[in-house]
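*Asks:* Sending over a structure as structure tokens; questions will come in a sec.
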Amino acid sequence: RYVKALVRSYVSRLEKEGEIVSSDLLVDLIFRMSLTKEMTPHPEESCYICFRLPPCDHKLLKIRIYPYHNDVALRLWEAGATLAEYFLQYPDYVRGKSIIELGAGVGLTGLVVAGSCGAKDVFLTDFTEACRVNMAHNILINQDWLHETQQPTTTVTQGY
């Protein structure tokens, strides 16, 4: 919305001064803005990121994210993905152990630790209700993947 207002203000100023918009990129931007009521993505738009991980390469781990939402816990962070990769390389750090992940966000790291690294129990938590609802969704939609990859006694839960 801010960019749209800024462009409108700039074009209005040019018109008042009798100038012509000479930038093809600016003209294209103005044209695209005129086609839609709202240029910015809706914060409730979600998408899924999928991963093929051992030991179950034929099933995908699916993570729902909200890339445009203000709640940063609804996005995938590079640090979480890097930590998941680290545990995939060194699963003995978590194998057979009970794990709590504080600030779990979308739950990627905890799901990887549970499904691919053999952790005994994984408890995921984060601050906002929207994040915990999304995390519960990600745990739920990955039950088949977890069932095929985990030890029978592994549990993944989330909460406060």
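Residues are named by chain letter and number: chains run A, B, ... in the order of the structure tokens, numbers start at 1 in each chain, and ligands are numbered from 1 in the order shown.
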Using only C-alpha atoms, find each residue of stretch 68-97 of chain A with at least one atom at most 9 Å away from an atom of stretch 113-121 of chain A; report its shortest atom-to-atom pair and that distance in Å (one decimal), sort the rows by chain and rising residue number, and return the result as a Markdown table.
*Replies:*
| residue | atom | partner | partner_atom | distance |
| --- | --- | --- | --- | --- |
| A:Ala84 | CA | A:Val113 | CA | 7.0 |
| A:Phe87 | CA | A:Val113 | CA | 6.8 |
| A:Leu88 | CA | A:Cys117 | CA | 6.3 |
| A:Tyr90 | CA | A:Cys117 | CA | 8.3 |
| A:Pro91 | CA | A:Cys117 | CA | 4.8 |
| A:Asp92 | CA | A:Cys117 | CA | 7.5 |
| A:Tyr93 | CA | A:Cys117 | CA | 8.8 |
| A:Val94 | CA | A:Ala119 | CA | 5.3 |
| A:Arg95 | CA | A:Ala119 | CA | 4.5 |
| A:Gly96 | CA | A:Lys120 | CA | 4.6 |
| A:Lys97 | CA | A:Lys120 | CA | 5.0 |
*Asks:* Once DSSP has gone over the backbone, tell me which residues of stretch 4-160 of chain A are in helix (DSSP H, G or I), as a PyMOL selection string.
*Replies:* chain A and resi 4-16+24-35+72-74+78-89+91-93+108-116+129-141+143-149
*Asks:* Please list as number ranges by chain every residue within 10 Å of A:Asp57, counting only C-alpha atoms and excluding residues in the same chain fewer than 4 positions away.
*Replies:* A: 51-53, 61, 145, 149
*Asks:* Keeping C-alpha atoms for every residue in the selection just given, could you write it to a file as a short mmCIF file (atom, residue, chain, number, x, y, z; two decimals), in the first residue's frame?
*Replies:*
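Written output follows (result-v7.cif):
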data_model
loop_
_atom_site.label_atom_id
_atom_site.label_comp_id
_atom_site.auth_asym_id
_atom_site.auth_seq_id
_atom_site.Cartn_x
_atom_site.Cartn_y
_atom_site.Cartn_z
CA PHE A 51 11.45 -31.60 1.77
CA ARG A 52 12.58 -35.09 0.79
CA LEU A 53 14.53 -36.43 3.77
CA LEU A 61 7.82 -33.47 4.81
CA TRP A 145 5.68 -39.00 7.13
CA THR A 149 10.23 -42.45 9.64
#
*Asks:* Can you pull out every residue within 9 Å of A:Ile49, counting only C-alpha atoms, but drop anything in the same chain fewer than 6 positions away, and send it as a list in words?
*Replies:*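 In the requested form, the answer reads Leu61, Lys62, Ile63, Arg64, Ile65 and Leu76 of chain A.
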*Asks:* As a PyMOL selection string, please: the residues near A:Met135 (cut-off 9 Å, only C-alpha atoms, same-chain neighbours under 4 positions excluded).
*Replies:* chain A and resi 63-64+74+104-108+124-126+130-131+139-140+158
*Asks:* For stretch 20-32 of chain A, work out the shell of residues within 8 Å, counting only C-alpha atoms and skipping chain neighbours fewer than 4 positions away, then give it as a PyMOL selection string.
*Replies:* chain A and resi 7+11+14-15+36
*Asks:* Next, dump the selected residues to file, keeping only all heavy atoms, as a PDB file, in the first residue's frame.
*Replies:*
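Full text of result-v7.pdb as output:
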ATOM      1  N   VAL A   7       3.926   6.015  -5.334  1.00  0.00           N
ATOM      2  CA  VAL A   7       3.926   6.163  -6.798  1.00  0.00           C
ATOM      3  C   VAL A   7       2.853   7.152  -7.222  1.00  0.00           C
ATOM      4  O   VAL A   7       3.086   8.019  -8.072  1.00  0.00           O
ATOM      5  CB  VAL A   7       3.759   4.791  -7.491  1.00  0.00           C
ATOM      6  CG1 VAL A   7       3.486   4.953  -8.979  1.00  0.00           C
ATOM      7  CG2 VAL A   7       4.992   3.939  -7.263  1.00  0.00           C
ATOM      8  N   VAL A  11       3.638  10.570  -9.276  1.00  0.00           N
ATOM      9  CA  VAL A  11       3.035  10.831 -10.579  1.00  0.00           C
ATOM     10  C   VAL A  11       2.197  12.099 -10.536  1.00  0.00           C
ATOM     11  O   VAL A  11       2.233  12.914 -11.471  1.00  0.00           O
ATOM     12  CB  VAL A  11       2.219   9.604 -11.061  1.00  0.00           C
ATOM     13  CG1 VAL A  11       1.397   9.937 -12.289  1.00  0.00           C
ATOM     14  CG2 VAL A  11       3.149   8.434 -11.336  1.00  0.00           C
ATOM     15  N   LEU A  14       4.506  15.019 -10.756  1.00  0.00           N
ATOM     16  CA  LEU A  14       4.991  15.189 -12.129  1.00  0.00           C
ATOM     17  C   LEU A  14       3.938  15.860 -13.004  1.00  0.00           C
ATOM     18  O   LEU A  14       4.245  16.760 -13.793  1.00  0.00           O
ATOM     19  CB  LEU A  14       5.384  13.838 -12.736  1.00  0.00           C
ATOM     20  CG  LEU A  14       6.679  13.194 -12.262  1.00  0.00           C
ATOM     21  CD1 LEU A  14       6.861  11.829 -12.914  1.00  0.00           C
ATOM     22  CD2 LEU A  14       7.884  14.077 -12.561  1.00  0.00           C
ATOM     23  N   GLU A  15       2.687  15.404 -12.891  1.00  0.00           N
ATOM     24  CA  GLU A  15       1.605  15.963 -13.701  1.00  0.00           C
ATOM     25  C   GLU A  15       1.378  17.441 -13.390  1.00  0.00           C
ATOM     26  O   GLU A  15       1.131  18.239 -14.295  1.00  0.00           O
ATOM     27  CB  GLU A  15       0.316  15.156 -13.496  1.00  0.00           C
ATOM     28  CG  GLU A  15       0.369  13.785 -14.125  1.00  0.00           C
ATOM     29  CD  GLU A  15      -0.840  12.921 -13.772  1.00  0.00           C
ATOM     30  OE1 GLU A  15      -1.617  13.288 -12.861  1.00  0.00           O
ATOM     31  OE2 GLU A  15      -0.989  11.858 -14.407  1.00  0.00           O
ATOM     32  N   THR A  36      -5.157  -3.876 -10.305  1.00  0.00           N
ATOM     33  CA  THR A  36      -5.578  -4.518  -9.062  1.00  0.00           C
ATOM     34  C   THR A  36      -5.973  -3.463  -8.036  1.00  0.00           C
ATOM     35  O   THR A  36      -5.444  -2.351  -8.031  1.00  0.00           O
ATOM     36  CB  THR A  36      -4.453  -5.374  -8.466  1.00  0.00           C
ATOM     37  OG1 THR A  36      -3.356  -4.532  -8.165  1.00  0.00           O
ATOM     38  CG2 THR A  36      -4.031  -6.474  -9.405  1.00  0.00           C
TER      39      THR A  36
END
*Asks:* Using only C-alpha atoms, can you tell me which of A:Ser98, A:Thr154, A:Asn142, A:Ser34 comes closest to A:Cys50?
*Replies:* A:Asn142
*Asks:* So which one's closest to A:Leu146, A:Leu60, A:Ala73, A:Ala5, A:Leu102? Using only C-alpha atoms, please.
*Replies:*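 Among the listed residues, the smallest separation from A:Leu146 belongs to A:Leu60.
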*Asks:* As an exercise, work out the distance from atom CA of A:Tyr160 to atom CA of A:Glu85 in Å and give it to one decimal place.
*Replies:*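 Atom CA of A:Tyr160 sits 25.5 Å away from atom CA of A:Glu85.
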*Asks:* Could you please write out, as a ChimeraX atom specification, every residue of stretch 66-138 of chain A that DSSP assigns to strand (DSSP E)?
*Replies:* /A:98-102,121-125
*Asks:* Report, in Å with one decimal, the straight-line distance from atom CA of A:Asp144 to atom CA of A:Pro43.
*Replies:*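 Atom CA of A:Asp144 sits 28.8 Å away from atom CA of A:Pro43.
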*Asks:* Rounded to one decimal in Å, what is the spacing between atom CA of A:Val122 and atom CA of A:Ala136?
*Replies:*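 Between these atoms lies a distance of 12.8 Å.
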*Asks:* Return the single residue from A:Gly159, A:Glu19, A:Asn138, A:Gln143 that is closest to A:Gly103, with distances computed using only C-alpha atoms.
*Replies:* A:Gly159
